Amino acid sequence: MSDDRLSLAARSKKFGAAEGEGIVRCDACPVLCRIRPGRAGACARYANANGQLVRTDPVVLMQRTLDQGGKAVAFAGSDWDGAPLDPARTFVTGIGAGTTYPDYKPAPFIVSAEHAGVDTVTVVTEGIFSYCGVKVKIDTDRHLGPETAPVRVKGEQVGHVTTAEYGSQMLSIGGVRHLTGGSKKEGTVTCDALLDLCSGKAVEMFIDGGHAVMVQAGAAPIVDGRPEVRMRVGCGSATVGIFARQWLGHVDEVIVVDDHITGVLTEHQSGRVLDMRPAGIRVLGRRSTPGRYFQVANPGLGWGGTDITDPLSIIKKVDADVAWPGLRLLMTSTTGEDALYCILDESLRPVPTDMPPAVRAVVDRIGENCEPSLCTVLFMAGAGGSLRAGVTENPVLLTRSVARGETKVTMGGAPAYVWPGGGITVMADVTRMPKNAFGYVPTPAIVAPIEFTLPRALYESLGGHAADIVAIEDVIRAVAPDARVDAWQSDNPWPFKP
Ligand code: SF4
């Protein structure tokens, strides 16, 4: 392979066709833009530079530190300090690499390197994903909207609320149906929302029958204009269990209000094991097991993800045969942000009063044990389609190799979780990917980097494009002058590790 193959200009010649008046037709996606000299195509990813089609973003190379405790080359963000790049520490990402559309072409870079005595190959490309979306985890107890409710951006449905997880509300955003199955506007708005979320920008969403939520990867969610601070320590039952011993002797009953599982200490197994005297305070809702109640209120933005602001409203009755005047009752939310201390009067009515320091200390401990509330955005896409033809002439062999774990999949160097089963369905945390890793094309679809790393012998046995393999040294020499060089994210595993 000659260096011609590697110069950016020459590489771009693989794409596009010259037309009259200096116009170039871009064929890097199905839109097939006709681009005039000096102009960019619809996605701004390709432009016409003096009659040649060029990728407008630089290739992103990543270089890792020398060794554990070693110093990183002094990169200032994307500014390379000019130090020579060490091939043994350099990873060529798919960012800026270009695509293989219509996919019978070999991937833009098929890079060979030796690592730990093993000849490896990394196949580097930018995938165009029509089948893609993001899974959003929002650390909050607050009820954002009913399960399956549409999630909208600018009035268009871009996804839906999916099943809540432990301490988090979950949204499924994007997917092929919203990208392709609705109106043109729905597809465009969905694509824009996905691109913004993947790029670390804040996106405001509105949930039918629910609330407005501002989502930004790695940042606290903002619900109806109010930033969330704490992720709950656990459900109501778990909170009772965790802190039961610390409450012993300081209170006679604790009710931890939770939209899902409200905990009542003296009824709960933890209270029983600690020989706590039954308090006779019954709460609303459906008793699941001793001390664990479902549906004590409706979901909402109040205490523990319920709609209540007055916790005493969930007390159904106080059993006069069991409770006693002077009984010390604590009610708290699962984050400790809301808490009320009461003493039963002679009529067994709970009377709010100052919380003793020893009780306050445990409530504070609940808060201390809450992790910061964050939004997590995982990009999820299907790479089991025609993209594989840029890797090998026999795509199913790549699928099987990925499934066996022999071929590692990364996205911009970030580790990708590969779903078991058929196809190559991958998920990656967008915060572990370099900046500006994502793009779009107006089909609409999301463009994302993807790299496949495997031993060279295996690559050849899979029917890989062996004639297009280029040594890492040659790739660096060819692209480094125009490349963006980022420091390797130290929490990402080095793809060449056996
Ligand atoms: S949208 Fe972008 S990739 Fe697609 S044809 Fe136009 S310039 Fe090329």
# chains A, B, ... in the order shown; residues from 1 in each chain; ligands from 1
>>> residues_around(residues="stretch 140-148 of chain A", least_positions_apart="3", cutoff="8 Å", atoms="only C-alpha atoms", output="list in words")
His160, Val161, Thr162, Thr163, Ala164, Gly167, Ser168, Gln169, Ile207, Asp208, Gly209, Gly210, His211, Ala212, Val213, Val223, Glu228, Arg230, Met231, Arg232, Pro299, Gly300, Leu301, Gly302, Gly304, Gly305, Thr306 and Ser373 of chain A
>>> residues_around(residues="stretch 37-51 of chain A", least_positions_apart="4", cutoff="7 Å", atoms="only C-alpha atoms", output="ChimeraX atom specification")
/A:22-24,33,55-57,440-442
>>> write_last_selection(atoms="N, CA, C and O atoms", output="short mmCIF file (atom, residue, chain, number, x, y, z; two decimals), in the first residue's frame")
data_model
loop_
_atom_site.label_atom_id
_atom_site.label_comp_id
_atom_site.auth_asym_id
_atom_site.auth_seq_id
_atom_site.Cartn_x
_atom_site.Cartn_y
_atom_site.Cartn_z
N GLY A 22 -16.90 21.94 -11.50
CA GLY A 22 -16.18 21.71 -10.24
C GLY A 22 -17.02 21.07 -9.16
O GLY A 22 -16.56 20.89 -8.02
N ILE A 23 -18.24 20.71 -9.49
CA ILE A 23 -19.12 20.10 -8.48
C ILE A 23 -18.68 18.66 -8.23
O ILE A 23 -18.27 17.95 -9.16
N VAL A 24 -18.76 18.27 -6.95
CA VAL A 24 -18.44 16.90 -6.59
C VAL A 24 -19.68 16.26 -5.99
O VAL A 24 -20.38 16.90 -5.19
N CYS A 33 -25.13 14.16 -1.88
CA CYS A 33 -25.10 15.62 -2.07
C CYS A 33 -24.24 15.99 -3.29
O CYS A 33 -23.18 15.40 -3.52
N ARG A 55 -13.07 14.99 3.92
CA ARG A 55 -13.74 14.87 5.22
C ARG A 55 -13.33 16.13 6.00
O ARG A 55 -12.15 16.46 6.09
N THR A 56 -14.33 16.81 6.55
CA THR A 56 -14.04 18.12 7.15
C THR A 56 -13.44 18.03 8.56
O THR A 56 -12.79 18.97 9.00
N ASP A 57 -13.71 16.94 9.27
CA ASP A 57 -13.16 16.82 10.62
C ASP A 57 -11.86 16.04 10.56
O ASP A 57 -11.72 15.10 9.76
N TYR A 440 -24.02 13.24 12.05
CA TYR A 440 -25.31 12.76 11.54
C TYR A 440 -25.31 12.90 10.03
O TYR A 440 -24.48 13.60 9.44
N VAL A 441 -26.23 12.20 9.42
CA VAL A 441 -26.56 12.45 8.01
C VAL A 441 -28.07 12.63 7.95
O VAL A 441 -28.80 12.07 8.78
N PRO A 442 -28.52 13.41 6.97
CA PRO A 442 -29.95 13.75 7.00
C PRO A 442 -30.88 12.66 6.49
O PRO A 442 -32.04 12.95 6.21
#
>>> select_by_dssp(residues="stretch 212-435 of chain A", states="helix (DSSP H, G or I)", output="MDAnalysis selection string")
chainID A and resid 236:247 269:273 303:305 311:314 357:368 386:390 395:403 430:432
>>> select_by_dssp(residues="stretch 102-229 of chain A", states="strand (DSSP E)", output="ChimeraX atom specification")
/A:109-115,118-129,132-139,150-153,156-165,168-174,203-207,212-215,222-223,226-227
>>> closest_residue(among="A:Ile138, A:Leu454, A:Leu248, A:Ala445", to="ligand 1", atoms="only C-alpha atoms and all ligand atoms")
A:Ala445
>>> residues_around(residues="A:Thr392", least_positions_apart="3", cutoff="8 Å", atoms="only C-alpha atoms", output="PDB file with all heavy atoms, in the first residue's frame")
ATOM      1  N   PRO A 106     -13.451  -1.464   1.403  1.00  0.00           N
ATOM      2  CA  PRO A 106     -12.767  -1.706   2.681  1.00  0.00           C
ATOM      3  C   PRO A 106     -12.881  -0.473   3.564  1.00  0.00           C
ATOM      4  O   PRO A 106     -13.009   0.650   3.072  1.00  0.00           O
ATOM      5  CB  PRO A 106     -11.314  -1.951   2.260  1.00  0.00           C
ATOM      6  CG  PRO A 106     -11.375  -2.318   0.818  1.00  0.00           C
ATOM      7  CD  PRO A 106     -12.557  -1.597   0.250  1.00  0.00           C
ATOM      8  N   ARG A 388     -20.206  -4.278   8.160  1.00  0.00           N
ATOM      9  CA  ARG A 388     -19.263  -5.389   8.309  1.00  0.00           C
ATOM     10  C   ARG A 388     -18.513  -5.686   7.013  1.00  0.00           C
ATOM     11  O   ARG A 388     -17.417  -6.238   7.043  1.00  0.00           O
ATOM     12  CB  ARG A 388     -20.011  -6.654   8.749  1.00  0.00           C
ATOM     13  CG  ARG A 388     -20.625  -6.567  10.123  1.00  0.00           C
ATOM     14  CD  ARG A 388     -21.471  -7.782  10.413  1.00  0.00           C
ATOM     15  NE  ARG A 388     -22.571  -7.906   9.459  1.00  0.00           N
ATOM     16  CZ  ARG A 388     -23.362  -8.966   9.350  1.00  0.00           C
ATOM     17  NH1 ARG A 388     -23.168 -10.008  10.130  1.00  0.00           N
ATOM     18  NH2 ARG A 388     -24.337  -8.991   8.466  1.00  0.00           N
ATOM     19  N   ALA A 389     -19.123  -5.309   5.884  1.00  0.00           N
ATOM     20  CA  ALA A 389     -18.459  -5.600   4.616  1.00  0.00           C
ATOM     21  C   ALA A 389     -17.180  -4.772   4.458  1.00  0.00           C
ATOM     22  O   ALA A 389     -16.285  -5.141   3.695  1.00  0.00           O
ATOM     23  CB  ALA A 389     -19.406  -5.332   3.449  1.00  0.00           C
ATOM     24  N   PRO A 395     -19.136 -11.345   6.149  1.00  0.00           N
ATOM     25  CA  PRO A 395     -19.527 -10.635   7.373  1.00  0.00           C
ATOM     26  C   PRO A 395     -19.911 -11.508   8.554  1.00  0.00           C
ATOM     27  O   PRO A 395     -19.648 -11.149   9.698  1.00  0.00           O
ATOM     28  CB  PRO A 395     -20.716  -9.778   6.914  1.00  0.00           C
ATOM     29  CG  PRO A 395     -20.515  -9.593   5.457  1.00  0.00           C
ATOM     30  CD  PRO A 395     -19.876 -10.854   4.982  1.00  0.00           C
ATOM     31  N   LEU A 398     -17.235 -12.154  11.032  1.00  0.00           N
ATOM     32  CA  LEU A 398     -16.943 -11.068  11.970  1.00  0.00           C
ATOM     33  C   LEU A 398     -17.928 -11.130  13.139  1.00  0.00           C
ATOM     34  O   LEU A 398     -17.537 -11.031  14.307  1.00  0.00           O
ATOM     35  CB  LEU A 398     -17.039  -9.709  11.274  1.00  0.00           C
ATOM     36  CG  LEU A 398     -16.855  -8.517  12.217  1.00  0.00           C
ATOM     37  CD1 LEU A 398     -15.423  -8.444  12.734  1.00  0.00           C
ATOM     38  CD2 LEU A 398     -17.247  -7.202  11.539  1.00  0.00           C
ATOM     39  N   LEU A 462     -10.721 -14.463   8.726  1.00  0.00           N
ATOM     40  CA  LEU A 462     -12.132 -14.067   8.641  1.00  0.00           C
ATOM     41  C   LEU A 462     -12.492 -13.541   7.255  1.00  0.00           C
ATOM     42  O   LEU A 462     -13.616 -13.112   7.028  1.00  0.00           O
ATOM     43  CB  LEU A 462     -12.443 -12.958   9.659  1.00  0.00           C
ATOM     44  CG  LEU A 462     -12.290 -13.270  11.145  1.00  0.00           C
ATOM     45  CD1 LEU A 462     -12.692 -12.058  11.987  1.00  0.00           C
ATOM     46  CD2 LEU A 462     -13.120 -14.474  11.540  1.00  0.00           C
ATOM     47  N   GLY A 463     -11.510 -13.537   6.371  1.00  0.00           N
ATOM     48  CA  GLY A 463     -11.776 -12.966   5.046  1.00  0.00           C
ATOM     49  C   GLY A 463     -11.610 -11.462   5.034  1.00  0.00           C
ATOM     50  O   GLY A 463     -12.247 -10.755   4.238  1.00  0.00           O
ATOM     51  N   GLY A 464     -10.759 -10.953   5.939  1.00  0.00           N
ATOM     52  CA  GLY A 464     -10.524  -9.510   6.015  1.00  0.00           C
ATOM     53  C   GLY A 464      -9.825  -8.980   4.772  1.00  0.00           C
ATOM     54  O   GLY A 464      -9.256  -9.733   3.982  1.00  0.00           O
ATOM     55  N   HIS A 465      -9.898  -7.668   4.618  1.00  0.00           N
ATOM     56  CA  HIS A 465      -9.312  -7.026   3.436  1.00  0.00           C
ATOM     57  C   HIS A 465      -7.790  -6.887   3.643  1.00  0.00           C
ATOM     58  O   HIS A 465      -7.277  -5.795   3.914  1.00  0.00           O
ATOM     59  CB  HIS A 465      -9.960  -5.664   3.215  1.00  0.00           C
ATOM     60  CG  HIS A 465     -11.440  -5.741   3.072  1.00  0.00           C
ATOM     61  ND1 HIS A 465     -12.062  -6.339   1.988  1.00  0.00           N
ATOM     62  CD2 HIS A 465     -12.451  -5.324   3.877  1.00  0.00           C
ATOM     63  CE1 HIS A 465     -13.376  -6.272   2.128  1.00  0.00           C
ATOM     64  NE2 HIS A 465     -13.635  -5.660   3.265  1.00  0.00           N
TER      65      HIS A 465
END
>>> residues_around(residues="stretch 95-102 of chain A", least_positions_apart="6", cutoff="10 Å", atoms="only C-alpha atoms", output="PyMOL selection string")
chain A and resi 8+11-12+14-15+27-30+45-46+54-61+108-109+124-128+386-391+411-413+433-439+447-451+483-484
>>> atom_distance(atom1="atom CA of A:Glu21", atom2="atom 5 (S, counted along the ligand's line) of ligand 1")
18.1 Å
>>> closest_residue(among="A:Ala416, A:Ala457, A:Val136, A:Met276", to="A:Asp119", atoms="only C-alpha atoms")
A:Ala457
>>> residues_around(residues="A:Ile469", least_positions_apart="2", cutoff="10 Å", atoms="only C-alpha atoms", output="PyMOL selection string")
chain A and resi 1+106-107+109-113+121-123+456+464-467+471-472
>>> write_last_selection(atoms="N, CA and C atoms", output="CSV table (one decimal), in the first residue's frame")
chain,number,residue,atom,x,y,z
A,1,MET,N,0.8,-1.2,0.0
A,1,MET,CA,0.0,0.0,0.0
A,1,MET,C,0.9,1.2,0.0
A,106,PRO,N,-13.5,-1.5,1.4
A,106,PRO,CA,-12.8,-1.7,2.7
A,106,PRO,C,-12.9,-0.5,3.6
A,107,ALA,N,-12.8,-0.7,4.9
A,107,ALA,CA,-12.9,0.4,5.8
A,107,ALA,C,-11.8,1.5,5.5
A,109,PHE,N,-9.6,2.9,7.4
A,109,PHE,CA,-8.2,2.5,7.9
A,109,PHE,C,-8.3,1.1,8.4
A,110,ILE,N,-7.4,0.3,7.9
A,110,ILE,CA,-7.2,-1.1,8.4
A,110,ILE,C,-5.8,-1.1,8.9
A,111,VAL,N,-5.6,-1.0,10.2
A,111,VAL,CA,-4.3,-0.6,10.7
A,111,VAL,C,-3.6,-1.8,11.4
A,112,SER,N,-2.4,-2.1,11.0
A,112,SER,CA,-1.7,-3.2,11.7
A,112,SER,C,-0.7,-2.6,12.7
A,113,ALA,N,-0.5,-3.3,13.8
A,113,ALA,CA,0.4,-2.9,14.8
A,113,ALA,C,0.8,-4.2,15.6
A,121,VAL,N,-4.6,-6.2,14.1
A,121,VAL,CA,-5.3,-5.3,13.1
A,121,VAL,C,-6.4,-4.6,13.8
A,122,THR,N,-6.5,-3.3,13.5
A,122,THR,CA,-7.7,-2.5,14.0
A,122,THR,C,-8.4,-1.9,12.7
A,123,VAL,N,-9.6,-2.3,12.6
A,123,VAL,CA,-10.4,-1.9,11.4
A,123,VAL,C,-11.2,-0.7,11.9
A,456,ARG,N,-4.0,-10.3,13.7
A,456,ARG,CA,-3.9,-10.2,12.3
A,456,ARG,C,-4.2,-11.6,11.6
A,464,GLY,N,-10.8,-11.0,5.9
A,464,GLY,CA,-10.5,-9.5,6.0
A,464,GLY,C,-9.8,-9.0,4.8
A,465,HIS,N,-9.9,-7.7,4.6
A,465,HIS,CA,-9.3,-7.0,3.4
A,465,HIS,C,-7.8,-6.9,3.6
A,466,ALA,N,-7.1,-8.0,3.5
A,466,ALA,CA,-5.7,-8.0,3.9
A,466,ALA,C,-4.9,-7.1,3.0
A,467,ALA,N,-5.3,-6.9,1.7
A,467,ALA,CA,-4.5,-6.1,0.8
A,467,ALA,C,-4.6,-4.6,1.3
A,471,ALA,N,0.4,-0.3,8.0
A,471,ALA,CA,1.2,-0.3,9.3
A,471,ALA,C,0.8,1.0,10.0
A,472,ILE,N,0.7,0.9,11.3
A,472,ILE,CA,0.4,2.1,12.2
A,472,ILE,C,1.4,3.2,11.9
